[in-house]
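Asks: One structure is given below, represented as structure tokens, and several questions about it will come after.
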Amino acid sequence: MSVVREPAVAGRFYPEDPGELRALVNGLLEGVTPGAGVAPKALVAPHAGYIYSGAVAASAYSRLLPYRDTYRRVVLLGPCHRVPVAGMAVSGAEAFRTPLGDVPVDRETVAELEAKGIRVFEPSHQYEHSLEVQLPFLQTVLGEFSIVPVLVGEARPQAVAQLLEMLWGGPETLIVISSDLSHYLDYNAARSQDSRTCRRIEQLDADIGHEDACGATPLRGLLLAAKRRGMDVSTLDLRNSGDTEGDRDFVVGYGAWMFV
């Protein structure tokens, strides 16, 4: 019997009703000005509730629409918020479910990672939102694809970079790093700190701490790999919850970047 990872934050971070969710995601994507360029190899996108960060995430995922049939595998990395893990953890599920349907897990690649010592640890995946909230966007902008879901805990950025190199693949493989930026600063302080983080990302500078980004470790791993490969990075959006939701006393920062 196949094991399906059920959605943990449907109805809270995004709508539980499939029609409502589809309409919301399509509306967010339609609000993005189309950008010219080449197919992204990697994206960095936020993972808050869609009311807060959905528009920022859409600025990244809209870049995939012209290439929807190119990608067949998405390597999806994000931080642990609920159940910590030593190192990195994959899921033993056959698929991840959202209101839009089931996304198959690339079990062959997961088995290869297990053979390399990256363990299956379901408690970290069960209630984690950082990977889940990316899926409805991916289901909307891509054709058929599978995912390699990896949660990153106490790990060295160099180990994350090595994992990404192992899974790099060709044009069929997309890398998505799930990360928000600063947390619970006032509006102006958040803008200042997030701007510094943005400049580091644009310069492929991996000197980013967890006070700068909650997904700092997977993000730093991508930056190390991107620098070794001489990649170009573009900032697609940079805002915080004070821009999207209203309260400016304690905000969370969000950004979206594209690597080619």
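Residues in the structure tokens are numbered from 1 in each chain, the chains being A, B, ... in the order shown, and ligands are numbered from 1 in the order shown.
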Find the residues near segment 177-192 of chain A: any atom within 6 Å, counting only C-alpha atoms, skip ones fewer than 5 places away on the same chain, and give them as a ChimeraX atom specification.

Replies: /A:44-46,77-78,212-215,248-254

Asks: Considering only C-alpha atoms, can you say which of A:Val260, A:Val38, A:Val25, A:Val83 comes closest to His129 of chain A?

Replies: A:Val83

Asks: Tell me, as a list of chain:residue names, which residues lie within 7 Å of Ala89 of chain A, counting only C-alpha atoms; anything in the same chain fewer than 3 positions away does not count.

Replies: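 Counting only C-alpha atoms, the residues come to A:Val85, A:Ile118, A:Arg119, A:Val120, A:Phe121, A:Val150, A:Leu151, A:Val152.
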
Asks: Once you have the residues from the selection above, write them out as a short mmCIF file (atom, residue, chain, number, x, y, z; two decimals), in the first residue's frame, restricted to N, CA and C atoms.

Replies:
```
data_model
loop_
_atom_site.label_atom_id
_atom_site.label_comp_id
_atom_site.auth_asym_id
_atom_site.auth_seq_id
_atom_site.Cartn_x
_atom_site.Cartn_y
_atom_site.Cartn_z
N VAL A 85 15.93 17.96 12.89
CA VAL A 85 16.62 16.77 12.39
C VAL A 85 18.11 17.06 12.35
N ILE A 118 21.72 9.80 3.93
CA ILE A 118 20.67 10.76 4.28
C ILE A 118 19.41 9.96 4.61
N ARG A 119 19.00 10.01 5.86
CA ARG A 119 17.98 9.08 6.33
C ARG A 119 16.57 9.58 6.06
N VAL A 120 15.65 8.65 6.05
CA VAL A 120 14.23 8.96 6.07
C VAL A 120 13.85 9.30 7.51
N PHE A 121 13.22 10.45 7.71
CA PHE A 121 12.75 10.81 9.04
C PHE A 121 11.39 11.49 8.89
N VAL A 150 13.63 17.32 0.63
CA VAL A 150 14.72 17.25 1.60
C VAL A 150 14.56 18.36 2.62
N LEU A 151 14.45 17.98 3.89
CA LEU A 151 14.46 18.96 4.97
C LEU A 151 15.87 19.06 5.53
N VAL A 152 16.30 20.30 5.77
CA VAL A 152 17.68 20.56 6.19
C VAL A 152 17.66 21.06 7.63
#
```

Asks: For segment 53-66 of chain A, work out the shell of residues within 8 Å, counting only C-alpha atoms and skipping chain neighbours fewer than 5 positions away, then give it as a PyMOL selection string.

Replies: chain A and resi 25+28-29+31-32+34-35+39-40+43-48+137-138+141-142+236-241+244+254-258

Asks: What parts of segment 28-230 of chain A does DSSP call strand (DSSP E or B)? I'd like the answer as a ChimeraX atom specification.

Replies: /A:42-45,73-79,86,88-90,95-98,101-105,119-120,146-152,154,173-178,183-185

Asks: Hey, can you check how far atom CA of Glu245 of chain A sits from atom CA of Gln126 of chain A?

Replies: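 Computing the Euclidean distance for atom CA of Glu245 of chain A and atom CA of Gln126 of chain A yields 27.8 Å.
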
Asks: Just the number, please: distance in Å from atom CA of Asn26 of chain A to atom CA of Phe145 of chain A, one decimal.

Replies: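 Interatomic distance, atom CA of Asn26 of chain A to atom CA of Phe145 of chain A: 18.8 Å.
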
Asks: List the neighbours of Leu163 of chain A out to 9 Å using only C-alpha atoms; skip same-chain residues closer than 4 positions along the sequence, and give me the result as a list in words.

Replies: Leu113, Gln158, Ala159, Leu167, Trp168 and Gly221 of chain A

Asks: Distance atom CA of Leu100 of chain A-atom CA of Pro18 of chain A, one decimal place?

Replies: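 Between atom CA of Leu100 of chain A and atom CA of Pro18 of chain A the gap is 5.6 Å.
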
Asks: My list of candidates is A:Asp207, A:Glu94, A:Glu202, A:Glu144. Which is closest to Asp106 of chain A when distances are computed with only C-alpha atoms?

Replies: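 Between A:Asp207, A:Glu94, A:Glu202, A:Glu144, the residue approaching Asp106 of chain A most closely is A:Glu94.
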
Asks: Smallest atom-to-atom distance to Ala206 of chain A: which of A:Gly169, A:Gly242, A:Pro157, A:Gly11, using only C-alpha atoms?

Replies: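 Closest to Ala206 of chain A, using only C-alpha atoms: A:Pro157.
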
Asks: Which residues are near Ala8 of chain A? Cut-off 7 Å, only C-alpha atoms, ignore same chain within fewer than 2 positions. Put them as a ChimeraX atom specification.

Replies: /A:6,10,127,129

Asks: Of the candidates A:Ile147, A:Ala36, A:Met88, A:Ala226, which one gets nearest to Ser124 of chain A if we count only C-alpha atoms?

Replies: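 Nearest candidate to Ser124 of chain A out of A:Ile147, A:Ala36, A:Met88, A:Ala226: A:Met88.
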
Asks: Among segment 33-190 of chain A, which ones does DSSP place in alpha helix (DSSP H), written as a PyMOL selection string?

Replies: chain A and resi 50-61+107-115+122-126+135-141+157-167+187-190

Asks: Please produce a file of the residues just selected, as a compact mmCIF listing (two decimals), in the first residue's frame, where the atoms kept are N, CA and C atoms.

Replies:
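The resulting result-v5.txt:
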```txt
# COMPACT_ATOMS: atom_id res chain seq x y z
N TYR A 50 -0.14 32.26 2.08
CA TYR A 50 -0.21 32.95 0.79
C TYR A 50 -0.65 34.40 0.92
N ILE A 51 -1.44 34.73 1.94
CA ILE A 51 -1.85 36.12 2.13
C ILE A 51 -0.64 37.00 2.39
N TYR A 52 0.41 36.43 2.95
CA TYR A 52 1.61 37.20 3.27
C TYR A 52 2.65 37.14 2.14
N SER A 53 2.94 35.94 1.66
CA SER A 53 4.08 35.79 0.74
C SER A 53 3.71 35.22 -0.61
N GLY A 54 2.43 34.98 -0.87
CA GLY A 54 2.04 34.36 -2.12
C GLY A 54 2.44 35.15 -3.35
N ALA A 55 2.31 36.48 -3.28
CA ALA A 55 2.67 37.31 -4.44
C ALA A 55 4.16 37.25 -4.72
N VAL A 56 4.97 37.16 -3.67
CA VAL A 56 6.42 37.07 -3.84
C VAL A 56 6.77 35.71 -4.44
N ALA A 57 6.16 34.65 -3.93
CA ALA A 57 6.41 33.33 -4.50
C ALA A 57 6.01 33.28 -5.98
N ALA A 58 4.90 33.92 -6.31
CA ALA A 58 4.42 33.93 -7.70
C ALA A 58 5.43 34.58 -8.64
N SER A 59 6.18 35.56 -8.14
CA SER A 59 7.17 36.22 -8.99
C SER A 59 8.26 35.25 -9.42
N ALA A 60 8.51 34.22 -8.59
CA ALA A 60 9.48 33.19 -8.97
C ALA A 60 8.84 32.14 -9.86
N TYR A 61 7.69 31.64 -9.46
CA TYR A 61 7.10 30.51 -10.20
C TYR A 61 6.59 30.92 -11.57
N ARG A 107 11.23 8.18 -5.97
CA ARG A 107 11.70 7.18 -5.01
C ARG A 107 13.10 6.66 -5.37
N GLU A 108 13.42 6.58 -6.64
CA GLU A 108 14.74 6.11 -7.03
C GLU A 108 15.83 7.03 -6.50
N THR A 109 15.61 8.35 -6.65
CA THR A 109 16.60 9.30 -6.15
C THR A 109 16.65 9.28 -4.63
N VAL A 110 15.49 9.18 -3.98
CA VAL A 110 15.47 9.10 -2.51
C VAL A 110 16.26 7.89 -2.04
N ALA A 111 16.11 6.75 -2.71
CA ALA A 111 16.87 5.55 -2.34
C ALA A 111 18.37 5.79 -2.50
N GLU A 112 18.77 6.52 -3.54
CA GLU A 112 20.19 6.84 -3.72
C GLU A 112 20.69 7.71 -2.58
N LEU A 113 19.87 8.66 -2.14
CA LEU A 113 20.27 9.52 -1.02
C LEU A 113 20.37 8.71 0.27
N GLU A 114 19.44 7.79 0.47
CA GLU A 114 19.52 6.92 1.65
C GLU A 114 20.83 6.13 1.63
N ALA A 115 21.21 5.64 0.47
CA ALA A 115 22.46 4.88 0.36
C ALA A 115 23.67 5.75 0.68
N GLU A 122 10.35 10.68 8.95
CA GLU A 122 9.00 11.16 8.66
C GLU A 122 8.47 12.18 9.66
N PRO A 123 8.82 12.10 10.96
CA PRO A 123 8.29 13.10 11.89
C PRO A 123 8.61 14.55 11.48
N SER A 124 9.77 14.77 10.87
CA SER A 124 10.10 16.14 10.44
C SER A 124 9.25 16.57 9.26
N HIS A 125 8.90 15.65 8.40
CA HIS A 125 8.12 15.98 7.20
C HIS A 125 6.62 16.11 7.50
N GLN A 126 6.13 15.39 8.48
CA GLN A 126 4.69 15.22 8.65
C GLN A 126 3.93 16.54 8.78
N LEU A 135 4.21 23.43 -3.26
CA LEU A 135 3.64 22.45 -4.19
C LEU A 135 2.48 22.97 -5.02
N PRO A 136 1.49 23.68 -4.46
CA PRO A 136 0.41 24.17 -5.33
C PRO A 136 0.90 25.08 -6.46
N PHE A 137 1.94 25.87 -6.20
CA PHE A 137 2.52 26.68 -7.29
C PHE A 137 3.13 25.77 -8.35
N LEU A 138 3.91 24.79 -7.92
CA LEU A 138 4.55 23.89 -8.88
C LEU A 138 3.50 23.10 -9.66
N GLN A 139 2.45 22.65 -8.98
CA GLN A 139 1.39 21.92 -9.67
C GLN A 139 0.68 22.76 -10.71
N THR A 140 0.66 24.07 -10.50
CA THR A 140 -0.02 24.98 -11.42
C THR A 140 0.84 25.32 -12.63
N VAL A 141 2.14 25.51 -12.41
CA VAL A 141 2.98 26.03 -13.50
C VAL A 141 3.70 24.93 -14.28
N PRO A 157 26.66 23.86 5.33
CA PRO A 157 26.30 24.31 3.99
C PRO A 157 27.05 23.57 2.89
N GLN A 158 28.30 23.17 3.18
CA GLN A 158 29.08 22.43 2.19
C GLN A 158 28.44 21.08 1.90
N ALA A 159 27.80 20.47 2.91
CA ALA A 159 27.12 19.19 2.70
C ALA A 159 25.89 19.39 1.82
N VAL A 160 25.20 20.51 2.03
CA VAL A 160 24.04 20.82 1.18
C VAL A 160 24.50 21.04 -0.26
N ALA A 161 25.61 21.77 -0.42
CA ALA A 161 26.14 22.01 -1.77
C ALA A 161 26.51 20.69 -2.45
N GLN A 162 27.09 19.77 -1.71
CA GLN A 162 27.45 18.46 -2.27
C GLN A 162 26.20 17.69 -2.70
N LEU A 163 25.16 17.75 -1.88
CA LEU A 163 23.91 17.09 -2.25
C LEU A 163 23.34 17.68 -3.53
N LEU A 164 23.35 19.01 -3.64
CA LEU A 164 22.84 19.65 -4.84
C LEU A 164 23.66 19.26 -6.07
N GLU A 165 24.96 19.18 -5.92
CA GLU A 165 25.80 18.76 -7.04
C GLU A 165 25.44 17.33 -7.47
N MET A 166 25.17 16.47 -6.51
CA MET A 166 24.81 15.09 -6.81
C MET A 166 23.48 15.00 -7.57
N LEU A 167 22.57 15.93 -7.27
CA LEU A 167 21.23 15.89 -7.86
C LEU A 167 21.06 16.90 -8.99
N TYR A 187 9.21 47.41 10.49
CA TYR A 187 9.21 47.48 9.03
C TYR A 187 10.53 48.01 8.47
N ASN A 188 11.00 49.14 8.99
CA ASN A 188 12.21 49.75 8.43
C ASN A 188 13.46 48.92 8.72
N ALA A 189 13.53 48.35 9.94
CA ALA A 189 14.68 47.50 10.27
C ALA A 189 14.71 46.26 9.39
N ALA A 190 13.53 45.70 9.11
CA ALA A 190 13.46 44.52 8.24
C ALA A 190 13.90 44.86 6.83
```

Asks: Hey, which of A:Pro7, A:Pro171, A:Gly246, A:Gly153 ends up closest to Asp102 of chain A? Count only C-alpha atoms.

Replies: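 Ranking A:Pro7, A:Pro171, A:Gly246, A:Gly153 by distance to Asp102 of chain A, first place goes to A:Pro7.
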